Structures are given as structure tokens and as C-alpha cells.
Amino acid sequence: MSEFHKEVGTLFGLSEQQSAQLEEGLNQLAQDFSAAEQVDDQAFSEAFYQKFQQLALQSGFEESDIEPLIGVLYFTEDHQQVVTYIVPSYYNSGGDREMFSDTYQLMMDDLKQAI
């Protein structure tokens, strides 16, 4: 059983295969974001968030599980960075500011502490 499956998959009732698919997809999203030339563009943000949403749904999540998933991922060392890409992309694409607000606040607090 992978560490990711233990930390994330079991919390959401995913199979090991679904967990592996999700983890692989998150790693790919992080690479895509890092390789992008312009990440603050609304069109990029919409496409990026849509890729994440599609990955989550294909991995066995319901729409209502996405916000809790983001919260859990933020506390996993290997995937915290991708959350810092996903949440702003959601907001930049016009998403509801109430969604992910707790995680966003943690991100801002962590950023202030790092400065």
C-alpha cells in the first residue's frame, strides 16, 4: 500500500488503483503548471482547474468531495505545492471565493511565516 493511498485514498474510500491514478495526475498537473509560460492568465487558470476537477472526478470523487480533498492534499508534504497552484487557478478563473477559503487562509498564513 502506497503512502499516498494511506494518507489520502483511504480517507475518501478510494481503491489503491484510484489513489495511484490521482497521485500520478497530481504530479502531472504540477509539471504542467511549472512548464507553463503564463499562469496568471484566466484561460490558463480555467483549463488548469478543469484538468484538476476532471482528474478528481475520474479518480472516484464526487463534486462535493473536492474541497475536502484540497484540504487533505495541502497537509501532504508531496502535494502541498500543487494545491498552491490549484486554489489560485480556481479563483483566477472566476470561482466562488468561499470555496477553498480555509485552505487559502492557511496558504496565506504559511506564506507570511516564510517571509
# chains A, B, ... in the order shown; residues from 1 in each chain; ligands from 1

$ residues_around --residues "range 4-19 of chain A" --least-positions-apart "4" --cutoff "10 Å" --atoms "only C-alpha atoms" --output "number ranges by chain"
A: 23-25, 56, 58-61, 65, 68-69, 72-73, 75-76, 78-79

$ write_last_selection --atoms "N, CA and C atoms" --output "mmCIF file, in the first residue's frame"
data_model
loop_
_atom_site.group_PDB
_atom_site.id
_atom_site.type_symbol
_atom_site.label_atom_id
_atom_site.label_comp_id
_atom_site.auth_asym_id
_atom_site.auth_seq_id
_atom_site.Cartn_x
_atom_site.Cartn_y
_atom_site.Cartn_z
ATOM 1 N N GLU A 23 -2.664 10.338 -7.696
ATOM 2 C CA GLU A 23 -1.320 10.820 -7.398
ATOM 3 C C GLU A 23 -0.536 11.101 -8.677
ATOM 4 N N GLU A 24 -0.633 10.210 -9.632
ATOM 5 C CA GLU A 24 0.049 10.404 -10.915
ATOM 6 C C GLU A 24 -0.474 11.670 -11.602
ATOM 7 N N GLY A 25 -1.788 11.862 -11.582
ATOM 8 C CA GLY A 25 -2.391 13.042 -12.185
ATOM 9 C C GLY A 25 -1.970 14.331 -11.498
ATOM 10 N N ALA A 56 -10.015 14.559 -10.462
ATOM 11 C CA ALA A 56 -10.679 14.169 -9.212
ATOM 12 C C ALA A 56 -11.915 13.321 -9.496
ATOM 13 N N GLN A 58 -12.628 11.567 -12.193
ATOM 14 C CA GLN A 58 -12.231 10.281 -12.790
ATOM 15 C C GLN A 58 -11.602 9.347 -11.762
ATOM 16 N N SER A 59 -11.092 9.915 -10.682
ATOM 17 C CA SER A 59 -10.463 9.110 -9.638
ATOM 18 C C SER A 59 -11.458 8.634 -8.584
ATOM 19 N N GLY A 60 -12.730 8.949 -8.780
ATOM 20 C CA GLY A 60 -13.752 8.435 -7.882
ATOM 21 C C GLY A 60 -14.332 9.451 -6.914
ATOM 22 N N PHE A 61 -13.995 10.721 -7.062
ATOM 23 C CA PHE A 61 -14.521 11.742 -6.176
ATOM 24 C C PHE A 61 -15.827 12.298 -6.713
ATOM 25 N N ASP A 65 -16.736 16.339 -2.782
ATOM 26 C CA ASP A 65 -15.509 15.882 -2.122
ATOM 27 C C ASP A 65 -14.288 16.715 -2.488
ATOM 28 N N PRO A 68 -12.902 19.125 0.440
ATOM 29 C CA PRO A 68 -12.180 18.365 1.469
ATOM 30 C C PRO A 68 -10.885 17.739 0.931
ATOM 31 N N LEU A 69 -10.893 17.293 -0.313
ATOM 32 C CA LEU A 69 -9.684 16.722 -0.913
ATOM 33 C C LEU A 69 -8.556 17.755 -0.925
ATOM 34 N N VAL A 72 -7.042 18.111 2.514
ATOM 35 C CA VAL A 72 -6.182 16.982 2.873
ATOM 36 C C VAL A 72 -4.866 17.053 2.094
ATOM 37 N N LEU A 73 -4.948 17.349 0.811
ATOM 38 C CA LEU A 73 -3.733 17.423 -0.005
ATOM 39 C C LEU A 73 -2.781 18.516 0.489
ATOM 40 N N PHE A 75 -2.074 19.234 3.381
ATOM 41 C CA PHE A 75 -1.306 18.719 4.524
ATOM 42 C C PHE A 75 -0.442 17.517 4.177
ATOM 43 N N THR A 76 -0.364 17.159 2.895
ATOM 44 C CA THR A 76 0.555 16.097 2.484
ATOM 45 C C THR A 76 1.776 16.765 1.871
ATOM 46 N N ASP A 78 4.157 15.970 -0.131
ATOM 47 C CA ASP A 78 4.448 15.822 -1.559
ATOM 48 C C ASP A 78 3.468 16.565 -2.466
ATOM 49 N N HIS A 79 2.309 16.943 -1.947
ATOM 50 C CA HIS A 79 1.291 17.542 -2.811
ATOM 51 C C HIS A 79 0.836 18.929 -2.375
#

$ residues_around --residues "Asp40 in chain A" --least-positions-apart "5" --cutoff "10 Å" --atoms "only C-alpha atoms" --output "compact mmCIF listing (two decimals) with C-alpha atoms, in the first residue's frame"
# COMPACT_ATOMS: atom_id res chain seq x y z
CA SER A 45 -6.44 29.08 -14.93
CA PRO A 88 -5.39 30.34 -7.14
CA SER A 89 -6.24 28.88 -10.55
CA ASN A 92 -8.39 33.33 -11.22
CA SER A 93 -10.93 31.52 -13.36

$ closest_residue --among "A:Ala30, A:Ala35, A:Met1, A:Ile66" --to "Tyr85 in chain A" --atoms "only C-alpha atoms"
A:Ala30

$ select_by_dssp --residues "chain A" --states "helix (DSSP H, G or I)" --output "ChimeraX atom specification"
/A:3-12,16-35,42-58,63-74,80-92,101-114

$ residues_around --residues "Leu26 in chain A" --least-positions-apart "6" --cutoff "9 Å" --atoms "only C-alpha atoms" --output "list of chain:residue names"
A:Phe52, A:Leu55, A:His79, A:Val82

$ write_last_selection --atoms "all heavy atoms" --output "PDB file, in the first residue's frame"
ATOM      1  N   PHE A  52      -7.766  19.537 -13.124  1.00  0.00           N
ATOM      2  CA  PHE A  52      -7.790  19.003 -11.763  1.00  0.00           C
ATOM      3  C   PHE A  52      -9.159  18.422 -11.436  1.00  0.00           C
ATOM      4  O   PHE A  52      -9.275  17.318 -10.904  1.00  0.00           O
ATOM      5  CB  PHE A  52      -7.431  20.078 -10.734  1.00  0.00           C
ATOM      6  CG  PHE A  52      -7.807  19.664  -9.336  1.00  0.00           C
ATOM      7  CD1 PHE A  52      -7.098  18.668  -8.686  1.00  0.00           C
ATOM      8  CD2 PHE A  52      -8.901  20.224  -8.702  1.00  0.00           C
ATOM      9  CE1 PHE A  52      -7.475  18.235  -7.423  1.00  0.00           C
ATOM     10  CE2 PHE A  52      -9.286  19.806  -7.441  1.00  0.00           C
ATOM     11  CZ  PHE A  52      -8.567  18.810  -6.795  1.00  0.00           C
ATOM     12  N   LEU A  55      -9.666  15.185 -13.191  1.00  0.00           N
ATOM     13  CA  LEU A  55      -8.851  14.152 -12.547  1.00  0.00           C
ATOM     14  C   LEU A  55      -9.541  13.640 -11.284  1.00  0.00           C
ATOM     15  O   LEU A  55      -9.635  12.427 -11.065  1.00  0.00           O
ATOM     16  CB  LEU A  55      -7.470  14.718 -12.201  1.00  0.00           C
ATOM     17  CG  LEU A  55      -6.594  13.849 -11.310  1.00  0.00           C
ATOM     18  CD1 LEU A  55      -6.192  12.558 -12.018  1.00  0.00           C
ATOM     19  CD2 LEU A  55      -5.366  14.638 -10.856  1.00  0.00           C
ATOM     20  N   HIS A  79       2.309  16.943  -1.947  1.00  0.00           N
ATOM     21  CA  HIS A  79       1.291  17.542  -2.811  1.00  0.00           C
ATOM     22  C   HIS A  79       0.836  18.929  -2.375  1.00  0.00           C
ATOM     23  O   HIS A  79      -0.055  19.508  -2.989  1.00  0.00           O
ATOM     24  CB  HIS A  79       0.102  16.579  -2.947  1.00  0.00           C
ATOM     25  CG  HIS A  79       0.531  15.296  -3.572  1.00  0.00           C
ATOM     26  ND1 HIS A  79       0.920  14.213  -2.833  1.00  0.00           N
ATOM     27  CD2 HIS A  79       0.706  14.955  -4.867  1.00  0.00           C
ATOM     28  CE1 HIS A  79       1.307  13.250  -3.651  1.00  0.00           C
ATOM     29  NE2 HIS A  79       1.190  13.673  -4.885  1.00  0.00           N
ATOM     30  N   VAL A  82       1.176  21.531  -5.306  1.00  0.00           N
ATOM     31  CA  VAL A  82       0.158  21.530  -6.363  1.00  0.00           C
ATOM     32  C   VAL A  82      -1.126  22.209  -5.888  1.00  0.00           C
ATOM     33  O   VAL A  82      -1.809  22.853  -6.666  1.00  0.00           O
ATOM     34  CB  VAL A  82      -0.087  20.116  -6.941  1.00  0.00           C
ATOM     35  CG1 VAL A  82      -0.938  19.256  -6.021  1.00  0.00           C
ATOM     36  CG2 VAL A  82      -0.730  20.194  -8.321  1.00  0.00           C
TER      37      VAL A  82
END

$ atom_distance --atom1 "CA of Asn27 in chain A" --atom2 "CA of Thr84 in chain A"
13.1 Å

$ atom_distance --atom1 "CA of Lys51 in chain A" --atom2 "CA of Gly94 in chain A"
15.6 Å

$ closest_residue --among "A:Leu22, A:Ile70, A:Ala36, A:Ala47" --to "Asp102 in chain A" --atoms "only C-alpha atoms"
A:Ile70

$ closest_residue --among "A:Gln81, A:Ala114, A:Gln50, A:Glu98" --to "Gln31 in chain A" --atoms "only C-alpha atoms"
A:Gln81
